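So this block is structure16.cif, mmCIF, C-alpha atoms:
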```cif
data_run
loop_
_atom_site.group_PDB
_atom_site.id
_atom_site.type_symbol
_atom_site.label_atom_id
_atom_site.label_comp_id
_atom_site.auth_asym_id
_atom_site.auth_seq_id
_atom_site.Cartn_x
_atom_site.Cartn_y
_atom_site.Cartn_z
ATOM 1 C CA MET F 1 -13.634 -3.775 -29.266
ATOM 2 C CA GLU F 2 -10.195 -3.242 -27.762
ATOM 3 C CA ASP F 3 -10.092 -1.435 -24.419
ATOM 4 C CA GLY F 4 -8.092 1.475 -25.855
ATOM 5 C CA LYS F 5 -10.512 2.041 -28.730
ATOM 6 C CA GLU F 6 -13.528 1.759 -26.427
ATOM 7 C CA GLU F 7 -11.966 4.271 -24.025
ATOM 8 C CA ASN F 8 -11.284 6.699 -26.901
ATOM 9 C CA ASN F 9 -14.875 6.367 -28.144
ATOM 10 C CA ASN F 10 -16.216 7.041 -24.648
ATOM 11 C CA LYS F 11 -13.922 10.045 -24.308
ATOM 12 C CA GLU F 12 -15.065 11.403 -27.704
ATOM 13 C CA GLU F 13 -18.719 11.011 -26.664
ATOM 14 C CA SER F 14 -17.952 12.781 -23.401
ATOM 15 C CA ASN F 15 -16.131 15.590 -25.234
ATOM 16 C CA ASN F 16 -19.090 16.071 -27.580
ATOM 17 C CA LYS F 17 -21.476 16.317 -24.618
ATOM 18 C CA GLU F 18 -19.330 18.708 -22.619
ATOM 19 C CA GLU F 19 -18.579 20.983 -25.554
ATOM 20 C CA SER F 20 -22.286 21.663 -25.871
ATOM 21 C CA LEU F 21 -22.698 23.229 -22.407
ATOM 22 C CA VAL F 22 -21.756 26.819 -23.276
ATOM 23 C CA SER F 23 -23.304 26.497 -26.733
ATOM 24 C CA TYR F 24 -26.570 25.237 -25.237
ATOM 25 C CA LEU F 25 -26.626 28.078 -22.727
ATOM 26 C CA LYS F 26 -26.087 30.632 -25.504
ATOM 27 C CA GLU F 27 -28.713 28.973 -27.675
ATOM 28 C CA GLN F 28 -31.351 28.951 -24.941
ATOM 29 C CA PHE F 29 -30.794 32.618 -24.120
ATOM 30 C CA HIS F 30 -30.460 33.625 -27.786
ATOM 31 C CA GLN F 31 -26.874 34.831 -27.417
ATOM 32 C CA GLU F 32 -24.746 35.359 -30.487
ATOM 33 C CA GLU F 33 -21.453 33.543 -30.889
ATOM 34 C CA VAL F 34 -18.532 35.794 -30.006
ATOM 35 C CA ASP F 35 -14.890 35.196 -30.799
ATOM 36 C CA ILE F 36 -13.452 34.857 -27.308
ATOM 37 C CA ARG F 37 -10.070 36.010 -28.585
ATOM 38 C CA THR F 38 -11.655 39.471 -28.576
ATOM 39 C CA TYR F 39 -12.398 39.296 -24.844
ATOM 40 C CA SER F 40 -10.156 41.246 -22.526
ATOM 41 C CA PRO F 41 -8.007 39.108 -20.240
ATOM 42 C CA LEU F 42 -9.880 40.538 -17.253
ATOM 43 C CA THR F 43 -13.177 39.329 -18.729
ATOM 44 C CA LEU F 44 -11.672 35.857 -19.139
ATOM 45 C CA ALA F 45 -10.396 36.039 -15.542
ATOM 46 C CA TYR F 46 -13.866 37.089 -14.343
ATOM 47 C CA ILE F 47 -15.498 33.912 -15.667
ATOM 48 C CA GLY F 48 -12.399 31.841 -14.870
ATOM 49 C CA ASP F 49 -12.563 32.848 -11.208
ATOM 50 C CA ALA F 50 -16.153 31.633 -11.001
ATOM 51 C CA ILE F 51 -15.634 28.339 -12.840
ATOM 52 C CA TYR F 52 -12.487 27.513 -10.867
ATOM 53 C CA GLU F 53 -14.307 28.146 -7.586
ATOM 54 C CA LEU F 54 -17.203 25.999 -8.784
ATOM 55 C CA MET F 55 -14.786 23.140 -9.538
ATOM 56 C CA ILE F 56 -13.187 23.444 -6.096
ATOM 57 C CA ARG F 57 -16.560 23.598 -4.336
ATOM 58 C CA THR F 58 -17.730 20.556 -6.284
ATOM 59 C CA LEU F 59 -14.642 18.601 -5.249
ATOM 60 C CA LEU F 60 -15.115 19.545 -1.603
ATOM 61 C CA VAL F 61 -18.838 18.745 -1.539
ATOM 62 C CA ASP F 62 -18.215 15.394 -3.226
ATOM 63 C CA ARG F 63 -16.002 14.386 -0.299
ATOM 64 C CA GLY F 64 -19.110 14.169 1.870
ATOM 65 C CA ASN F 65 -21.537 16.201 3.894
ATOM 66 C CA THR F 66 -19.716 18.792 6.001
ATOM 67 C CA GLN F 67 -20.598 21.998 7.812
ATOM 68 C CA VAL F 68 -20.828 24.889 5.380
ATOM 69 C CA ASN F 69 -18.360 27.067 7.308
ATOM 70 C CA LYS F 70 -15.757 24.261 7.072
ATOM 71 C CA LEU F 71 -16.421 23.916 3.345
ATOM 72 C CA HIS F 72 -16.011 27.665 2.955
ATOM 73 C CA ARG F 73 -12.676 27.727 4.796
ATOM 74 C CA ARG F 74 -11.341 24.823 2.738
ATOM 75 C CA ALA F 75 -12.499 26.398 -0.523
ATOM 76 C CA THR F 76 -11.035 29.768 0.401
ATOM 77 C CA GLY F 77 -7.659 28.146 1.054
ATOM 78 C CA LEU F 78 -7.647 26.707 -2.469
ATOM 79 C CA VAL F 79 -9.016 29.650 -4.438
ATOM 80 C CA LYS F 80 -7.056 32.475 -2.854
ATOM 81 C CA ALA F 81 -4.547 34.347 -5.002
ATOM 82 C CA GLU F 82 -1.523 32.986 -3.150
ATOM 83 C CA LYS F 83 -2.533 29.362 -3.841
ATOM 84 C CA GLN F 84 -3.347 30.107 -7.490
ATOM 85 C CA SER F 85 0.040 31.809 -7.852
ATOM 86 C CA GLN F 86 1.756 28.685 -6.497
ATOM 87 C CA MET F 87 -0.272 26.503 -8.868
ATOM 88 C CA VAL F 88 0.577 28.575 -11.909
ATOM 89 C CA GLU F 89 4.288 28.179 -11.227
ATOM 90 C CA ILE F 90 3.762 24.411 -11.557
ATOM 91 C CA LEU F 91 1.439 24.721 -14.540
ATOM 92 C CA LYS F 92 3.399 27.158 -16.725
ATOM 93 C CA GLN F 93 5.648 24.389 -18.014
ATOM 94 C CA HIS F 94 2.537 22.424 -19.053
ATOM 95 C CA PHE F 95 0.681 25.281 -20.760
ATOM 96 C CA THR F 96 0.248 25.162 -24.501
ATOM 97 C CA LYS F 97 1.571 28.118 -26.457
ATOM 98 C CA GLU F 98 -1.940 29.572 -26.623
ATOM 99 C CA GLU F 99 -2.558 29.069 -22.889
ATOM 100 C CA MET F 100 0.749 30.767 -22.095
ATOM 101 C CA GLN F 101 -0.263 33.773 -24.204
ATOM 102 C CA ILE F 102 -3.596 33.984 -22.357
ATOM 103 C CA TYR F 103 -1.796 33.639 -19.020
ATOM 104 C CA LYS F 104 0.632 36.452 -19.841
ATOM 105 C CA ARG F 105 -2.166 38.730 -21.037
ATOM 106 C CA GLY F 106 -4.059 38.095 -17.800
ATOM 107 C CA ARG F 107 -1.001 38.512 -15.607
ATOM 108 C CA ASN F 108 -0.068 41.792 -17.290
ATOM 109 C CA ALA F 109 -3.586 43.259 -17.423
ATOM 110 C CA LYS F 110 -4.063 46.513 -15.570
ATOM 111 C CA SER F 111 -6.740 45.810 -13.015
ATOM 112 C CA PHE F 112 -8.466 48.556 -11.076
ATOM 113 C CA THR F 113 -8.964 46.260 -8.108
ATOM 114 C CA SER F 114 -6.314 44.888 -5.811
ATOM 115 C CA ALA F 115 -5.993 41.818 -3.653
ATOM 116 C CA LYS F 116 -7.092 42.107 -0.058
ATOM 117 C CA ASN F 117 -4.695 39.529 1.335
ATOM 118 C CA ALA F 118 -2.146 38.889 -1.415
ATOM 119 C CA SER F 119 0.934 40.467 -2.848
ATOM 120 C CA ILE F 120 0.666 42.263 -6.191
ATOM 121 C CA THR F 121 2.774 39.493 -7.761
ATOM 122 C CA ASP F 122 0.500 36.727 -6.460
ATOM 123 C CA TYR F 123 -2.583 38.688 -7.478
ATOM 124 C CA ARG F 124 -1.343 39.163 -11.039
ATOM 125 C CA ARG F 125 -0.293 35.528 -11.426
ATOM 126 C CA ALA F 126 -3.703 34.475 -10.092
ATOM 127 C CA THR F 127 -5.405 36.750 -12.617
ATOM 128 C CA GLY F 128 -3.392 35.082 -15.378
ATOM 129 C CA PHE F 129 -4.398 31.648 -14.084
ATOM 130 C CA GLU F 130 -8.063 32.662 -13.934
ATOM 131 C CA ALA F 131 -7.852 34.029 -17.487
ATOM 132 C CA VAL F 132 -6.635 30.611 -18.672
ATOM 133 C CA MET F 133 -9.465 28.888 -16.789
ATOM 134 C CA GLY F 134 -11.996 31.284 -18.313
ATOM 135 C CA TYR F 135 -10.600 30.767 -21.787
ATOM 136 C CA LEU F 136 -10.705 26.971 -21.462
ATOM 137 C CA TYR F 137 -14.247 27.083 -20.089
ATOM 138 C CA LEU F 138 -15.562 29.289 -22.875
ATOM 139 C CA GLU F 139 -13.783 27.135 -25.455
ATOM 140 C CA GLY F 140 -15.476 24.030 -24.020
ATOM 141 C CA LYS F 141 -12.142 22.473 -23.101
ATOM 142 C CA TYR F 142 -13.369 21.098 -19.782
ATOM 143 C CA HIS F 143 -11.045 18.099 -19.677
ATOM 144 C CA ARG F 144 -8.042 20.374 -20.125
ATOM 145 C CA MET F 145 -9.321 22.709 -17.416
ATOM 146 C CA ILE F 146 -9.776 19.815 -14.984
ATOM 147 C CA ASP F 147 -6.442 18.204 -15.910
ATOM 148 C CA LEU F 148 -4.579 21.463 -15.235
ATOM 149 C CA THR F 149 -6.419 21.945 -11.945
ATOM 150 C CA LYS F 150 -5.583 18.403 -10.853
ATOM 151 C CA LEU F 151 -1.943 18.887 -11.767
ATOM 152 C CA GLY F 152 -1.785 22.227 -9.947
ATOM 153 C CA LEU F 153 -3.384 20.852 -6.778
ATOM 154 C CA SER F 154 -1.193 17.752 -6.592
#
```
What does the file become when written as structure tokens?
Amino acid sequence: MEDGKEENNNKEESNNKEESLVSYLKEQFHQEEVDIRTYSPLTLAYIGDAIYELMIRTLLVDRGNTQVNKLHRRATGLVKAEKQSQMVEILKQHFTKEEMQIYKRGRNAKSFTSAKNASITDYRRATGFEAVMGYLYLEGKYHRMIDLTKLGLS
């Protein structure tokens, strides 16, 4: 088999496996399928915040055993609103039309909380970014989520 075809087959297998994560979780806990387009942007940002932090923590832990307080400081520097706001400025030009709509809904959502150490602008952009991450996670688009994160961090 040609290298390109073999790579595509491996990627398809990987996509099939990763798309089952959320579905498997819902199945095991007897959750009904919900159209995520009905979720508020703040709900998408809520799950997006968690999954983005999990990705960052995973990357940091995979670099080797380190003191937890150092890991925490490094993670905090990458997940804070200011950093996410900077990332989204890079990523906006790479968003699909659908991702841009999700981003704008998240950015414009009226939140009842405010950032502790960020400007309102950074906080809103970060909320939009987190909404995109949450959307991609719930859609099972893990490769896209990771590719955007990699692009934003580079």
I'd like a table as CSV: residues in segment 21-111 of chain F with an atom no more than 8 Å from segment 118-136 of chain F, each row giving the shortest atom pair and its distance in Å to one decimal, all atoms listed in the file counted, sorted by chain and rising residue number.
```
residue,atom,partner,partner_atom,distance
F:Ile36,CA,F:Tyr135,CA,7.4
F:Pro41,CA,F:Ala131,CA,5.8
F:Leu42,CA,F:Ala131,CA,6.8
F:Thr43,CA,F:Ala131,CA,7.6
F:Leu44,CA,F:Ala131,CA,4.5
F:Ala45,CA,F:Ala131,CA,3.8
F:Tyr46,CA,F:Gly134,CA,7.3
F:Ile47,CA,F:Gly134,CA,5.1
F:Gly48,CA,F:Gly134,CA,3.5
F:Asp49,CA,F:Glu130,CA,5.3
F:Ile51,CA,F:Gly134,CA,7.2
F:Tyr52,CA,F:Met133,CA,6.8
F:Ala81,CA,F:Ala126,CA,5.2
F:Glu82,CA,F:Asp122,CA,5.4
F:Gln84,CA,F:Ala126,CA,5.1
F:Ser85,CA,F:Ala126,CA,5.1
F:Val88,CA,F:Phe129,CA,6.2
F:Glu99,CA,F:Val132,CA,6.1
F:Ile102,CA,F:Val132,CA,5.8
F:Tyr103,CA,F:Gly128,CA,4.2
F:Lys104,CA,F:Gly128,CA,6.2
F:Arg105,CA,F:Gly128,CA,6.8
F:Gly106,CA,F:Gly128,CA,3.9
F:Arg107,CA,F:Gly128,CA,4.2
F:Asn108,CA,F:Arg124,CA,6.9
F:Ala109,CA,F:Arg124,CA,7.9
```
message: Residues near Leu60 of chain F, anyone? I mean within 9 Å using only C-alpha atoms, not counting same-chain ones fewer than 5 positions away, as a ChimeraX atom specification.
response: /F:55,66,71,74-75
Store the residues picked out above in a file with C-alpha atoms, as a short mmCIF file (atom, residue, chain, number, x, y, z; two decimals), in the frame of the given file.
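Listed below is the output, out.cif:
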```
data_model
loop_
_atom_site.label_atom_id
_atom_site.label_comp_id
_atom_site.auth_asym_id
_atom_site.auth_seq_id
_atom_site.Cartn_x
_atom_site.Cartn_y
_atom_site.Cartn_z
CA MET F 55 -14.79 23.14 -9.54
CA THR F 66 -19.72 18.79 6.00
CA LEU F 71 -16.42 23.92 3.34
CA ARG F 74 -11.34 24.82 2.74
CA ALA F 75 -12.50 26.40 -0.52
#
```
- prompt: Using all atoms listed in the file, which residues sit within 10 Å of Leu91 of chain F once same-chain residues fewer than 2 positions away are excluded, as a list of chain:residue names?
  reply: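 Neighbouring residues, sequence-local ones excluded: F:Ser85, F:Gln86, F:Met87, F:Val88, F:Glu89, F:Gln93, F:His94, F:Phe95, F:Met100, F:Phe129, F:Leu148, F:Thr149, F:Leu151, F:Gly152, F:Leu153.
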If we count only C-alpha atoms and set the cut-off at 12 Å, which residues sit around His72 of chain F, ignoring sequence neighbours fewer than 6 positions away in its own chain? Please answer as a PDB file with C-alpha atoms, in the coordinates of the input.
```
ATOM      1  CA  GLU F  53     -14.307  28.146  -7.586  1.00  0.00           C
ATOM      2  CA  LEU F  54     -17.203  25.999  -8.784  1.00  0.00           C
ATOM      3  CA  ILE F  56     -13.187  23.444  -6.096  1.00  0.00           C
ATOM      4  CA  ARG F  57     -16.560  23.598  -4.336  1.00  0.00           C
ATOM      5  CA  THR F  58     -17.730  20.556  -6.284  1.00  0.00           C
ATOM      6  CA  LEU F  60     -15.115  19.545  -1.603  1.00  0.00           C
ATOM      7  CA  VAL F  61     -18.838  18.745  -1.539  1.00  0.00           C
ATOM      8  CA  THR F  66     -19.716  18.792   6.001  1.00  0.00           C
ATOM      9  CA  LEU F  78      -7.647  26.707  -2.469  1.00  0.00           C
ATOM     10  CA  VAL F  79      -9.016  29.650  -4.438  1.00  0.00           C
ATOM     11  CA  LYS F  80      -7.056  32.475  -2.854  1.00  0.00           C
TER      12      LYS F  80
END
```
field: Atomic distance atom CA of Glu33 of chain F - atom CA of Tyr142 of chain F, expressed in Å with one decimal
entry: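 Spanning atom CA of Glu33 of chain F to atom CA of Tyr142 of chain F is a straight-line distance of 18.5 Å.
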task: Could you please determine the separation between atom CA of Ser154 of chain F and atom CA of Asn117 of chain F in Å, to one decimal place?
output: 23.4 Å
Return the padded bounding box of segment 34-37 of chain F as AutoDock Vina command-line options: axis-aligned, built from all atoms listed in the file, 5 Å added on each side, with centre and edge lengths in Å to one decimal.
```
--center_x -14.3 --center_y 35.4 --center_z -29.1 --size_x 18.5 --size_y 11.2 --size_z 13.5
```
message: Would you compute the distance between atom CA of Gly77 of chain F and atom CA of Glu98 of chain F? Give it in Å to one decimal.
response: 28.3 Å
Pick from F:Arg37, F:Lys110, F:Asp62, F:Gln31 nearest to Leu138 of chain F, counting all atoms listed in the file: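 Closest to Leu138 of chain F of all the choices is F:Arg37.
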field: Of the listed residues F:Ile90, F:Val22, F:Ala115, F:Ala50, that which approaches Gly140 of chain F most closely, counting all atoms listed in the file
entry: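 Of the candidates, the smallest distance to Gly140 of chain F is held by F:Val22.
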